[in-house]
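Structure below is structure39.pdb: PDB, C-alpha atoms.
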```
MODEL        1
ATOM      1  CA  MET A  93      24.684   0.279  11.616  1.00  0.00           C
ATOM      2  CA  SER A  94      22.504  -0.519   8.622  1.00  0.00           C
ATOM      3  CA  LYS A  95      20.359   2.239   7.147  1.00  0.00           C
ATOM      4  CA  LYS A  96      16.608   1.910   7.300  1.00  0.00           C
ATOM      5  CA  ILE A  97      14.484   2.108   4.154  1.00  0.00           C
ATOM      6  CA  VAL A  98      10.718   2.377   4.566  1.00  0.00           C
ATOM      7  CA  ILE A  99       8.127   1.709   1.885  1.00  0.00           C
ATOM      8  CA  GLU A 100       4.975   3.638   2.790  1.00  0.00           C
ATOM      9  CA  LEU A 101       1.786   2.270   1.226  1.00  0.00           C
ATOM     10  CA  THR A 102      -1.312   4.453   1.279  1.00  0.00           C
ATOM     11  CA  THR A 103      -4.838   3.909   0.068  1.00  0.00           C
ATOM     12  CA  PHE A 104      -7.540   6.264  -1.119  1.00  0.00           C
ATOM     13  CA  LYS A 105     -11.150   5.129  -1.263  1.00  0.00           C
ATOM     14  CA  GLY A 106     -13.469   7.396  -3.210  1.00  0.00           C
ATOM     15  CA  LYS A 107     -17.241   7.731  -3.062  1.00  0.00           C
ATOM     16  CA  CYS A 108     -17.687   5.032  -5.689  1.00  0.00           C
ATOM     17  CA  VAL A 109     -17.298   1.421  -4.486  1.00  0.00           C
ATOM     18  CA  GLU A 110     -14.741   0.677  -7.208  1.00  0.00           C
ATOM     19  CA  ALA A 111     -12.689   3.805  -6.495  1.00  0.00           C
ATOM     20  CA  ILE A 112      -9.798   2.356  -4.526  1.00  0.00           C
ATOM     21  CA  HIS A 113      -6.341   3.678  -5.326  1.00  0.00           C
ATOM     22  CA  TYR A 114      -3.006   2.571  -3.909  1.00  0.00           C
ATOM     23  CA  TYR A 115       0.146   4.674  -3.656  1.00  0.00           C
ATOM     24  CA  ALA A 116       3.716   4.032  -2.534  1.00  0.00           C
ATOM     25  CA  SER A 117       6.725   6.062  -1.548  1.00  0.00           C
ATOM     26  CA  VAL A 118      10.227   5.065  -0.511  1.00  0.00           C
ATOM     27  CA  GLU A 119      11.665   6.918   2.482  1.00  0.00           C
ATOM     28  CA  TYR A 120      15.365   6.832   3.342  1.00  0.00           C
ATOM     29  CA  TYR A 121      18.453   8.912   4.077  1.00  0.00           C
ATOM     30  CA  ASP A 122      20.764   9.269   1.090  1.00  0.00           C
ATOM     31  CA  SER A 123      24.581   9.260   1.100  1.00  0.00           C
ATOM     32  CA  CYS A 124      24.614  12.925   2.198  1.00  0.00           C
ATOM     33  CA  ASP A 125      22.244  12.082   5.076  1.00  0.00           C
ATOM     34  CA  ASP A 126      19.441  14.070   3.461  1.00  0.00           C
ATOM     35  CA  PHE A 127      15.982  12.585   4.033  1.00  0.00           C
ATOM     36  CA  ARG A 128      14.340  11.405   0.809  1.00  0.00           C
ATOM     37  CA  ASN A 129      10.683  10.610   0.228  1.00  0.00           C
ATOM     38  CA  ASP A 130      10.444   9.422  -3.366  1.00  0.00           C
ATOM     39  CA  LYS A 131       6.997   8.789  -4.807  1.00  0.00           C
ATOM     40  CA  ILE A 132       6.758   5.589  -6.819  1.00  0.00           C
ATOM     41  CA  THR A 133       5.215   5.727 -10.289  1.00  0.00           C
ATOM     42  CA  ARG A 134       4.362   3.364 -13.111  1.00  0.00           C
ATOM     43  CA  PRO A 135       3.425   3.908 -16.757  1.00  0.00           C
ATOM     44  CA  ILE A 136      -0.300   4.067 -17.433  1.00  0.00           C
ATOM     45  CA  THR A 137      -1.625   1.694 -20.090  1.00  0.00           C
ATOM     46  CA  GLN A 138      -3.884   2.432 -23.032  1.00  0.00           C
ATOM     47  CA  LYS A 139      -6.278  -0.220 -21.716  1.00  0.00           C
ATOM     48  CA  GLU A 140      -6.683   1.748 -18.452  1.00  0.00           C
ATOM     49  CA  ILE A 141      -7.260   4.988 -20.347  1.00  0.00           C
ATOM     50  CA  ASP A 142      -9.876   3.358 -22.577  1.00  0.00           C
ATOM     51  CA  SER A 143     -11.641   1.667 -19.647  1.00  0.00           C
ATOM     52  CA  ASP A 144     -12.107   4.895 -17.643  1.00  0.00           C
ATOM     53  CA  GLU A 145     -11.917   7.907 -19.951  1.00  0.00           C
ATOM     54  CA  ASP A 146     -13.391  10.284 -17.334  1.00  0.00           C
ATOM     55  CA  ARG A 147     -10.664   9.473 -14.837  1.00  0.00           C
ATOM     56  CA  PHE A 148      -7.719   9.304 -17.260  1.00  0.00           C
ATOM     57  CA  TYR A 149      -8.844  11.903 -19.839  1.00  0.00           C
ATOM     58  CA  SER A 150      -5.591  13.893 -19.647  1.00  0.00           C
ATOM     59  CA  TYR A 151      -3.207  10.908 -19.825  1.00  0.00           C
ATOM     60  CA  GLU A 152      -1.309   9.473 -22.759  1.00  0.00           C
ATOM     61  CA  ALA A 153      -0.289   5.805 -22.708  1.00  0.00           C
ATOM     62  CA  GLY A 154       3.125   5.410 -21.084  1.00  0.00           C
ATOM     63  CA  GLU A 155       2.915   8.554 -18.938  1.00  0.00           C
ATOM     64  CA  PRO A 156       3.752   8.050 -15.260  1.00  0.00           C
ATOM     65  CA  THR A 157       1.009   7.779 -12.673  1.00  0.00           C
ATOM     66  CA  GLU A 158       1.344   7.383  -8.908  1.00  0.00           C
ATOM     67  CA  CYS A 159      -1.839   5.286  -8.762  1.00  0.00           C
ATOM     68  CA  PHE A 160      -1.609   1.482  -8.549  1.00  0.00           C
ATOM     69  CA  ASN A 161      -4.323  -1.144  -8.874  1.00  0.00           C
ATOM     70  CA  SER A 162      -3.295  -3.054  -5.715  1.00  0.00           C
ATOM     71  CA  TRP A 163      -1.009  -2.607  -2.746  1.00  0.00           C
ATOM     72  CA  LYS A 164       0.976  -5.642  -3.914  1.00  0.00           C
ATOM     73  CA  GLU A 165       1.617  -4.054  -7.312  1.00  0.00           C
ATOM     74  CA  ALA A 166       2.750  -0.835  -5.593  1.00  0.00           C
ATOM     75  CA  LEU A 167       5.033  -2.840  -3.300  1.00  0.00           C
ATOM     76  CA  GLU A 168       6.622  -4.745  -6.204  1.00  0.00           C
ATOM     77  CA  VAL A 169       7.368  -1.511  -8.094  1.00  0.00           C
ATOM     78  CA  ALA A 170       8.809   0.058  -4.913  1.00  0.00           C
ATOM     79  CA  LYS A 171      11.067  -2.992  -4.530  1.00  0.00           C
ATOM     80  CA  GLU A 172      12.216  -2.565  -8.156  1.00  0.00           C
ATOM     81  CA  TYR A 173      12.910   1.123  -7.434  1.00  0.00           C
ATOM     82  CA  ILE A 174      15.099   0.208  -4.435  1.00  0.00           C
ATOM     83  CA  THR A 175      17.048  -2.314  -6.535  1.00  0.00           C
ATOM     84  CA  ALA A 176      17.414   0.021  -9.546  1.00  0.00           C
ATOM     85  CA  ASN A 177      18.731   2.829  -7.324  1.00  0.00           C
ATOM     86  CA  ASP A 178      21.080   0.469  -5.452  1.00  0.00           C
ATOM     87  CA  LEU A 179      19.674   1.474  -2.069  1.00  0.00           C
ATOM     88  CA  LYS A 180      21.197  -0.549   0.744  1.00  0.00           C
ATOM     89  CA  GLY A 181      19.684  -1.110   4.165  1.00  0.00           C
ATOM     90  CA  ASP A 182      16.997  -2.891   6.110  1.00  0.00           C
ATOM     91  CA  ILE A 183      13.690  -2.556   4.253  1.00  0.00           C
ATOM     92  CA  TYR A 184      10.388  -2.188   6.101  1.00  0.00           C
ATOM     93  CA  VAL A 185       6.848  -1.763   4.815  1.00  0.00           C
ATOM     94  CA  ASN A 186       4.098   0.313   6.453  1.00  0.00           C
ATOM     95  CA  GLY A 187       0.513   0.238   5.242  1.00  0.00           C
ATOM     96  CA  VAL A 188      -0.131  -3.390   4.303  1.00  0.00           C
ATOM     97  CA  PRO A 189      -3.872  -3.824   4.998  1.00  0.00           C
ATOM     98  CA  ASN A 190      -4.612  -4.985   8.552  1.00  0.00           C
ATOM     99  CA  LYS A 191      -0.928  -5.280   9.467  1.00  0.00           C
ATOM    100  CA  GLY A 192       1.578  -3.146  11.314  1.00  0.00           C
ATOM    101  CA  SER A 193       5.111  -2.531  10.147  1.00  0.00           C
ATOM    102  CA  LEU A 194       6.583  -5.567   8.364  1.00  0.00           C
ATOM    103  CA  THR A 195       9.897  -6.428   6.799  1.00  0.00           C
ATOM    104  CA  LEU A 196       9.878  -6.540   3.003  1.00  0.00           C
ATOM    105  CA  GLU A 197      10.172 -10.334   3.097  1.00  0.00           C
ATOM    106  CA  GLN A 198       7.128 -10.627   5.388  1.00  0.00           C
ATOM    107  CA  ALA A 199       5.077  -8.252   3.228  1.00  0.00           C
ATOM    108  CA  LEU A 200       5.872 -10.251   0.071  1.00  0.00           C
ATOM    109  CA  SER A 201       5.169 -13.636   1.672  1.00  0.00           C
ATOM    110  CA  PRO A 202       2.506 -15.587  -0.242  1.00  0.00           C
ATOM    111  CA  LYS A 203       1.206 -16.806   3.136  1.00  0.00           C
ATOM    112  CA  LEU A 204       0.575 -13.264   4.436  1.00  0.00           C
ATOM    113  CA  ASP A 205      -3.007 -13.013   5.716  1.00  0.00           C
ATOM    114  CA  THR A 206      -4.371  -9.468   5.381  1.00  0.00           C
ATOM    115  CA  ARG A 207      -7.976 -10.231   6.282  1.00  0.00           C
ATOM    116  CA  LEU A 208      -9.497  -8.017   8.967  1.00  0.00           C
ATOM    117  CA  LYS A 209      -9.665  -9.931  12.267  1.00  0.00           C
ATOM    118  CA  CYS A 210     -11.117  -9.260  15.704  1.00  0.00           C
ATOM    119  CA  LYS A 211      -8.388  -8.065  18.052  1.00  0.00           C
ATOM    120  CA  LYS A 212      -9.909 -10.041  20.950  1.00  0.00           C
ATOM    121  CA  CYS A 213     -11.045 -13.407  19.559  1.00  0.00           C
ATOM    122  CA  GLY A 214      -9.228 -13.554  16.186  1.00  0.00           C
ATOM    123  CA  LYS A 215     -12.421 -14.139  14.174  1.00  0.00           C
ATOM    124  CA  VAL A 216     -12.174 -13.034  10.528  1.00  0.00           C
ATOM    125  CA  ILE A 217     -14.533 -10.100   9.963  1.00  0.00           C
ATOM    126  CA  LYS A 218     -16.132 -10.520   6.546  1.00  0.00           C
ATOM    127  CA  PRO A 219     -16.846  -7.600   4.195  1.00  0.00           C
ATOM    128  CA  GLY A 220     -20.133  -5.954   5.158  1.00  0.00           C
ATOM    129  CA  GLU A 221     -20.166  -7.616   8.583  1.00  0.00           C
ATOM    130  CA  GLY A 222     -20.465  -5.231  11.495  1.00  0.00           C
ATOM    131  CA  CYS A 223     -17.495  -4.452  13.686  1.00  0.00           C
ATOM    132  CA  TYR A 224     -16.139  -1.717  15.931  1.00  0.00           C
ATOM    133  CA  ASN A 225     -12.935  -0.118  14.711  1.00  0.00           C
ATOM    134  CA  PHE A 226     -10.646   1.294  17.384  1.00  0.00           C
ATOM    135  CA  PRO A 227      -7.105   2.712  17.034  1.00  0.00           C
ATOM    136  CA  SER A 228      -5.850  -0.464  18.733  1.00  0.00           C
ATOM    137  CA  GLY A 229      -7.675  -2.697  16.220  1.00  0.00           C
ATOM    138  CA  ALA A 230     -11.087  -3.923  15.142  1.00  0.00           C
ATOM    139  CA  ILE A 231     -13.414  -5.824  17.477  1.00  0.00           C
ATOM    140  CA  CYS A 232     -16.274  -8.022  16.277  1.00  0.00           C
ATOM    141  CA  VAL A 233     -19.816  -7.297  17.444  1.00  0.00           C
ATOM    142  CA  GLN A 234     -19.901 -10.372  19.691  1.00  0.00           C
ATOM    143  CA  CYS A 235     -16.747  -9.377  21.601  1.00  0.00           C
ATOM    144  CA  TYR A 236     -17.910  -5.766  21.892  1.00  0.00           C
ATOM    145  CA  LYS A 237     -21.226  -6.857  23.469  1.00  0.00           C
ATOM    146  CA  GLN A 238     -19.468  -9.028  26.081  1.00  0.00           C
TER     147      GLN A 238
ENDMDL
END
```

Written as structure tokens, how would this file's structure read?
Amino acid sequence: MSKKIVIELTTFKGKCVEAIHYYASVEYYDSCDDFRNDKITRPITQKEIDSDEDRFYSYEAGEPTECFNSWKEALEVAKEYITANDLKGDIYVNGVPNKGSLTLEQALSPKLDTRLKCKKCGKVIKPGEGCYNFPSGAICVQCYKQ
């Protein structure tokens, strides 16, 4: 039986509109059957430090940060981590916006549509457009009123 490797993507949205941060971890059982949850990091750039000195005041260029600029960037670095550490198994991804659990291939597909859609009628819900968000999925205003 093949081992299961899960890439967990998480998002943090701050009070500021631009404050969206993406994080990734790789979860798996190692050769000793110990559960691992390894946080994925990347080196911070001088350009990032210079562009937001309040946020990155304690960083030096090249230091690791867990924060990524997009979920796709976090996913790519997690994939590199899996390859570099020679982890073998079926790879799944949780946390891709507006999607459930996907295989790594599905999550990296250029045709992947992550737009928020109404669970009932399939209409794309545009940013700022009203909707009702339920644990089972979002519903547009028109479907909710029916």

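With CA of Tyr121 in chain A on one side and CA of Asp182 in chain A on the other, the separation reads 12.1 Å.
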
Please write as a short mmCIF file (atom, residue, chain, number, x, y, z; two decimals) with C-alpha atoms, in the coordinates of the input the full residue list that the PyMOL selection byres ((chain A and resi 100) around 6) yields on this file.
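Output file selection-v8.cif is given in full below:
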```cif
data_model
loop_
_atom_site.label_atom_id
_atom_site.label_comp_id
_atom_site.auth_asym_id
_atom_site.auth_seq_id
_atom_site.Cartn_x
_atom_site.Cartn_y
_atom_site.Cartn_z
CA ILE A 99 8.13 1.71 1.88
CA LEU A 101 1.79 2.27 1.23
CA ALA A 116 3.72 4.03 -2.53
CA SER A 117 6.72 6.06 -1.55
CA ASN A 186 4.10 0.31 6.45
#
```

Answer key for the PyMOL selection byres ((chain A and resi 229) around 12), residues as a PDB file with C-alpha atoms, in the coordinates of the input:
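Printed below is expr01.pdb as written:
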```pdb
ATOM      1  CA  PRO A 189      -3.872  -3.824   4.998  1.00  0.00           C
ATOM      2  CA  ASN A 190      -4.612  -4.985   8.552  1.00  0.00           C
ATOM      3  CA  LYS A 191      -0.928  -5.280   9.467  1.00  0.00           C
ATOM      4  CA  GLY A 192       1.578  -3.146  11.314  1.00  0.00           C
ATOM      5  CA  LEU A 208      -9.497  -8.017   8.967  1.00  0.00           C
ATOM      6  CA  LYS A 209      -9.665  -9.931  12.267  1.00  0.00           C
ATOM      7  CA  CYS A 210     -11.117  -9.260  15.704  1.00  0.00           C
ATOM      8  CA  LYS A 211      -8.388  -8.065  18.052  1.00  0.00           C
ATOM      9  CA  LYS A 212      -9.909 -10.041  20.950  1.00  0.00           C
ATOM     10  CA  CYS A 213     -11.045 -13.407  19.559  1.00  0.00           C
ATOM     11  CA  GLY A 214      -9.228 -13.554  16.186  1.00  0.00           C
ATOM     12  CA  ILE A 217     -14.533 -10.100   9.963  1.00  0.00           C
ATOM     13  CA  CYS A 223     -17.495  -4.452  13.686  1.00  0.00           C
ATOM     14  CA  TYR A 224     -16.139  -1.717  15.931  1.00  0.00           C
ATOM     15  CA  ASN A 225     -12.935  -0.118  14.711  1.00  0.00           C
ATOM     16  CA  PHE A 226     -10.646   1.294  17.384  1.00  0.00           C
ATOM     17  CA  PRO A 227      -7.105   2.712  17.034  1.00  0.00           C
ATOM     18  CA  SER A 228      -5.850  -0.464  18.733  1.00  0.00           C
ATOM     19  CA  ALA A 230     -11.087  -3.923  15.142  1.00  0.00           C
ATOM     20  CA  ILE A 231     -13.414  -5.824  17.477  1.00  0.00           C
ATOM     21  CA  CYS A 232     -16.274  -8.022  16.277  1.00  0.00           C
TER      22      CYS A 232
END
```

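The two atoms in question, CA of Lys164 in chain A and CA of Ser123 in chain A, are spaced 28.4 Å apart.
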
Point to revise | Reference answer for the PyMOL selection byres ((chain A and resi 156) around 10), as a PyMOL selection string | key: chain A and resi 132-137+151-155+157-159

Prev. selection, C-alpha atoms, output as a short mmCIF file (atom, residue, chain, number, x, y, z; two decimals), in the coordinates of the input:
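Once written, again_31.cif looks like this:
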```
data_model
loop_
_atom_site.label_atom_id
_atom_site.label_comp_id
_atom_site.auth_asym_id
_atom_site.auth_seq_id
_atom_site.Cartn_x
_atom_site.Cartn_y
_atom_site.Cartn_z
CA ILE A 132 6.76 5.59 -6.82
CA THR A 133 5.22 5.73 -10.29
CA ARG A 134 4.36 3.36 -13.11
CA PRO A 135 3.42 3.91 -16.76
CA ILE A 136 -0.30 4.07 -17.43
CA THR A 137 -1.62 1.69 -20.09
CA TYR A 151 -3.21 10.91 -19.82
CA GLU A 152 -1.31 9.47 -22.76
CA ALA A 153 -0.29 5.80 -22.71
CA GLY A 154 3.12 5.41 -21.08
CA GLU A 155 2.92 8.55 -18.94
CA THR A 157 1.01 7.78 -12.67
CA GLU A 158 1.34 7.38 -8.91
CA CYS A 159 -1.84 5.29 -8.76
#
```

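For the pair CA of Val233 in chain A and CA of Lys215 in chain A, the interatomic distance is 10.6 Å.
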
Contact residues around range 176-181 of chain A with all atoms listed in the file at 8 Å, ignoring same-chain residues under 5 positions, as a PDB file with C-alpha atoms, keeping the file's coordinate frame:
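File selection37.pdb, as written:
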```pdb
ATOM      1  CA  SER A  94      22.504  -0.519   8.622  1.00  0.00           C
ATOM      2  CA  LYS A  95      20.359   2.239   7.147  1.00  0.00           C
ATOM      3  CA  LYS A  96      16.608   1.910   7.300  1.00  0.00           C
ATOM      4  CA  ILE A  97      14.484   2.108   4.154  1.00  0.00           C
TER       5      ILE A  97
END
```

Can you find the residues with an atom no farther than 12 Å from (0.6, -4.1, -5.8), counting all atoms listed in the file, and report them as an mmCIF file with C-alpha atoms, in the coordinates of the input?
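What landed in out_9.cif:
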```cif
data_model
loop_
_atom_site.group_PDB
_atom_site.id
_atom_site.type_symbol
_atom_site.label_atom_id
_atom_site.label_comp_id
_atom_site.auth_asym_id
_atom_site.auth_seq_id
_atom_site.Cartn_x
_atom_site.Cartn_y
_atom_site.Cartn_z
ATOM 1 C CA LEU A 101 1.786 2.270 1.226
ATOM 2 C CA THR A 102 -1.312 4.453 1.279
ATOM 3 C CA THR A 103 -4.838 3.909 0.068
ATOM 4 C CA HIS A 113 -6.341 3.678 -5.326
ATOM 5 C CA TYR A 114 -3.006 2.571 -3.909
ATOM 6 C CA TYR A 115 0.146 4.674 -3.656
ATOM 7 C CA ALA A 116 3.716 4.032 -2.534
ATOM 8 C CA ILE A 132 6.758 5.589 -6.819
ATOM 9 C CA THR A 133 5.215 5.727 -10.289
ATOM 10 C CA ARG A 134 4.362 3.364 -13.111
ATOM 11 C CA GLU A 158 1.344 7.383 -8.908
ATOM 12 C CA CYS A 159 -1.839 5.286 -8.762
ATOM 13 C CA PHE A 160 -1.609 1.482 -8.549
ATOM 14 C CA ASN A 161 -4.323 -1.144 -8.874
ATOM 15 C CA SER A 162 -3.295 -3.054 -5.715
ATOM 16 C CA TRP A 163 -1.009 -2.607 -2.746
ATOM 17 C CA LYS A 164 0.976 -5.642 -3.914
ATOM 18 C CA GLU A 165 1.617 -4.054 -7.312
ATOM 19 C CA ALA A 166 2.750 -0.835 -5.593
ATOM 20 C CA LEU A 167 5.033 -2.840 -3.300
ATOM 21 C CA GLU A 168 6.622 -4.745 -6.204
ATOM 22 C CA VAL A 169 7.368 -1.511 -8.094
ATOM 23 C CA ALA A 170 8.809 0.058 -4.913
ATOM 24 C CA LYS A 171 11.067 -2.992 -4.530
ATOM 25 C CA GLU A 172 12.216 -2.565 -8.156
ATOM 26 C CA GLY A 187 0.513 0.238 5.242
ATOM 27 C CA VAL A 188 -0.131 -3.390 4.303
ATOM 28 C CA PRO A 189 -3.872 -3.824 4.998
ATOM 29 C CA ALA A 199 5.077 -8.252 3.228
ATOM 30 C CA LEU A 200 5.872 -10.251 0.071
#
```

Edge lengths and centre, in Å to one decimal, as lines of an AutoDock Vina configuration file: that's what I need for the box along x, y and z that holds all listed atoms of range 124-138 of chain A plus 4 Å on each side.
```
center_x = 10.4
center_y = 7.9
center_z = -9.0
size_x = 36.5
size_y = 20.4
size_z = 36.1
```

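Closest approach to Phe127 in chain A among A:Val98, A:Asp205, A:Tyr149, A:Gln234 is made by A:Val98 (distances from all atoms listed in the file).
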
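Closest approach to Thr175 in chain A from the set A:Gln138, A:Val118, A:Thr206, A:Cys124 is made by A:Val118, with distances taken over only C-alpha atoms.
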
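Among the candidate residues A:Tyr120, A:Arg207, A:Leu194, A:Glu140, the one lying nearest to Ile174 in chain A is A:Tyr120, with distances computed using only C-alpha atoms.
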
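Counting all atoms listed in the file, the residue from A:Lys218, A:Lys203, A:Glu197, A:Glu119 that sits nearest to Tyr173 in chain A is A:Glu119.
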